[in-house]
Amino acid sequence: EVQDVAVVAVGEGHEGQLVAFVVPKPGKDPSLMSLKAACAERVPRYMIVDVVHMLEALPRTRNGKTDRLALKARARSPR
């Protein structure tokens, strides 16, 4: 159900969260629970994402790499 994804860590210690930015495949709409279940099958519990944001595309740097600074800023900004 997922075409592209990036995860950033926001905050520290007990306040820290893993925030995922997901680009779904066309016509798909994965839920938070389905994404967490898929993570639980593949990664240790502490690496399961806390928050998921759906995007049409991940932000890119001029070099075409995922712009993690833009994602961190977006994760920290209130919605």
# chains A, B, ... in the order shown; residues from 1 in each chain; ligands from 1
>>> select_by_dssp(residues="stretch 12-73 of chain A", states="strand (DSSP E)", output="number ranges by chain")
A: 17-24, 51-54
>>> write_last_selection(atoms="all heavy atoms", output="mmCIF file, in the first residue's frame")
data_model
loop_
_atom_site.group_PDB
_atom_site.id
_atom_site.type_symbol
_atom_site.label_atom_id
_atom_site.label_comp_id
_atom_site.auth_asym_id
_atom_site.auth_seq_id
_atom_site.Cartn_x
_atom_site.Cartn_y
_atom_site.Cartn_z
ATOM 1 N N GLN A 17 9.396 10.901 19.645
ATOM 2 C CA GLN A 17 8.446 10.163 18.808
ATOM 3 C C GLN A 17 9.086 9.880 17.456
ATOM 4 O O GLN A 17 9.916 10.659 16.980
ATOM 5 C CB GLN A 17 7.178 10.972 18.551
ATOM 6 C CG GLN A 17 6.287 11.160 19.726
ATOM 7 C CD GLN A 17 4.993 11.844 19.329
ATOM 8 O OE1 GLN A 17 4.982 12.760 18.520
ATOM 9 N NE2 GLN A 17 3.893 11.383 19.886
ATOM 10 N N LEU A 18 8.672 8.783 16.851
ATOM 11 C CA LEU A 18 9.034 8.504 15.465
ATOM 12 C C LEU A 18 7.851 8.924 14.604
ATOM 13 O O LEU A 18 6.730 8.456 14.805
ATOM 14 C CB LEU A 18 9.330 7.018 15.275
ATOM 15 C CG LEU A 18 10.594 6.505 15.950
ATOM 16 C CD1 LEU A 18 10.735 5.006 15.716
ATOM 17 C CD2 LEU A 18 11.817 7.231 15.443
ATOM 18 N N VAL A 19 8.122 9.815 13.673
ATOM 19 C CA VAL A 19 7.077 10.352 12.808
ATOM 20 C C VAL A 19 7.341 9.870 11.382
ATOM 21 O O VAL A 19 8.410 10.103 10.832
ATOM 22 C CB VAL A 19 7.054 11.896 12.851
ATOM 23 C CG1 VAL A 19 5.960 12.447 11.953
ATOM 24 C CG2 VAL A 19 6.873 12.384 14.289
ATOM 25 N N ALA A 20 6.363 9.187 10.820
ATOM 26 C CA ALA A 20 6.480 8.664 9.458
ATOM 27 C C ALA A 20 5.730 9.565 8.486
ATOM 28 O O ALA A 20 4.637 10.040 8.781
ATOM 29 C CB ALA A 20 5.924 7.250 9.379
ATOM 30 N N PHE A 21 6.341 9.774 7.339
ATOM 31 C CA PHE A 21 5.710 10.484 6.230
ATOM 32 C C PHE A 21 5.551 9.471 5.119
ATOM 33 O O PHE A 21 6.535 8.933 4.613
ATOM 34 C CB PHE A 21 6.568 11.670 5.796
ATOM 35 C CG PHE A 21 6.627 12.742 6.850
ATOM 36 C CD1 PHE A 21 7.605 12.714 7.829
ATOM 37 C CD2 PHE A 21 5.680 13.750 6.875
ATOM 38 C CE1 PHE A 21 7.656 13.686 8.809
ATOM 39 C CE2 PHE A 21 5.717 14.729 7.858
ATOM 40 C CZ PHE A 21 6.708 14.696 8.826
ATOM 41 N N VAL A 22 4.310 9.184 4.766
ATOM 42 C CA VAL A 22 3.991 8.091 3.849
ATOM 43 C C VAL A 22 3.373 8.642 2.563
ATOM 44 O O VAL A 22 2.465 9.468 2.616
ATOM 45 C CB VAL A 22 3.007 7.103 4.516
ATOM 46 C CG1 VAL A 22 2.563 6.027 3.544
ATOM 47 C CG2 VAL A 22 3.634 6.488 5.756
ATOM 48 N N VAL A 23 3.883 8.148 1.444
ATOM 49 C CA VAL A 23 3.274 8.411 0.140
ATOM 50 C C VAL A 23 2.598 7.100 -0.266
ATOM 51 O O VAL A 23 3.282 6.125 -0.571
ATOM 52 C CB VAL A 23 4.328 8.824 -0.907
ATOM 53 C CG1 VAL A 23 3.660 9.052 -2.260
ATOM 54 C CG2 VAL A 23 5.094 10.060 -0.444
ATOM 55 N N PRO A 24 1.257 7.054 -0.218
ATOM 56 C CA PRO A 24 0.569 5.807 -0.558
ATOM 57 C C PRO A 24 0.615 5.533 -2.064
ATOM 58 O O PRO A 24 0.762 6.454 -2.869
ATOM 59 C CB PRO A 24 -0.859 6.027 -0.091
ATOM 60 C CG PRO A 24 -1.023 7.486 0.079
ATOM 61 C CD PRO A 24 0.334 8.090 0.217
ATOM 62 N N VAL A 51 3.467 8.413 14.921
ATOM 63 C CA VAL A 51 2.604 9.324 14.178
ATOM 64 C C VAL A 51 2.839 9.105 12.695
ATOM 65 O O VAL A 51 3.972 8.881 12.264
ATOM 66 C CB VAL A 51 2.926 10.802 14.538
ATOM 67 C CG1 VAL A 51 2.057 11.761 13.753
ATOM 68 C CG2 VAL A 51 2.788 11.040 16.032
ATOM 69 N N VAL A 52 1.761 9.196 11.899
ATOM 70 C CA VAL A 52 1.876 9.038 10.447
ATOM 71 C C VAL A 52 1.204 10.223 9.763
ATOM 72 O O VAL A 52 0.082 10.591 10.124
ATOM 73 C CB VAL A 52 1.218 7.724 9.968
ATOM 74 C CG1 VAL A 52 1.231 7.640 8.454
ATOM 75 C CG2 VAL A 52 1.916 6.522 10.574
ATOM 76 N N HIS A 53 1.913 10.800 8.800
ATOM 77 C CA HIS A 53 1.358 11.858 7.960
ATOM 78 C C HIS A 53 1.375 11.359 6.520
ATOM 79 O O HIS A 53 2.395 10.852 6.048
ATOM 80 C CB HIS A 53 2.191 13.139 8.051
ATOM 81 C CG HIS A 53 2.232 13.745 9.412
ATOM 82 N ND1 HIS A 53 1.164 14.398 9.968
ATOM 83 C CD2 HIS A 53 3.218 13.792 10.335
ATOM 84 C CE1 HIS A 53 1.491 14.828 11.175
ATOM 85 N NE2 HIS A 53 2.734 14.463 11.420
ATOM 86 N N MET A 54 0.258 11.497 5.833
ATOM 87 C CA MET A 54 0.175 11.122 4.425
ATOM 88 C C MET A 54 0.557 12.313 3.563
ATOM 89 O O MET A 54 0.113 13.444 3.814
ATOM 90 C CB MET A 54 -1.233 10.666 4.061
ATOM 91 C CG MET A 54 -1.698 9.445 4.802
ATOM 92 S SD MET A 54 -0.713 8.015 4.345
ATOM 93 C CE MET A 54 -1.400 6.813 5.446
#
>>> residues_around(residues="stretch 26-39 of chain A", least_positions_apart="5", cutoff="7 Å", atoms="only C-alpha atoms", output="CSV table (one decimal) with C-alpha atoms, in the first residue's frame")
chain,number,residue,atom,x,y,z
A,1,GLU,CA,0.0,0.0,0.0
A,48,ILE,CA,7.4,1.3,15.5
A,49,VAL,CA,6.2,4.7,14.4
A,52,VAL,CA,1.9,9.0,10.4
>>> residues_around(residues="stretch 63-73 of chain A", least_positions_apart="5", cutoff="7 Å", atoms="only C-alpha atoms", output="ChimeraX atom specification")
/A:8,10,58
>>> write_last_selection(atoms="N, CA, C and O atoms", output="CSV table (one decimal), in the first residue's frame")
chain,number,residue,atom,x,y,z
A,8,VAL,N,11.3,10.2,10.7
A,8,VAL,CA,12.2,11.1,11.4
A,8,VAL,C,11.9,11.0,12.9
A,8,VAL,O,10.8,10.7,13.3
A,10,VAL,N,11.6,12.9,16.5
A,10,VAL,CA,11.4,14.2,17.0
A,10,VAL,C,11.3,14.2,18.5
A,10,VAL,O,10.6,13.3,19.0
A,58,LEU,N,7.3,13.1,-1.1
A,58,LEU,CA,8.3,13.5,-0.1
A,58,LEU,C,9.0,14.7,-0.6
A,58,LEU,O,9.3,14.8,-1.8
>>> atom_distance(atom1="atom CA of A:Ser77", atom2="atom CA of A:Tyr46")
23.4 Å
>>> atom_distance(atom1="atom CA of A:Lys25", atom2="atom CA of A:Val2")
5.2 Å
>>> closest_residue(among="A:Gly16, A:Ala40, A:Glu56, A:Arg62", to="A:Arg76", atoms="only C-alpha atoms")
A:Gly16
>>> atom_distance(atom1="atom CA of A:Arg74", atom2="atom CA of A:His14")
20.4 Å
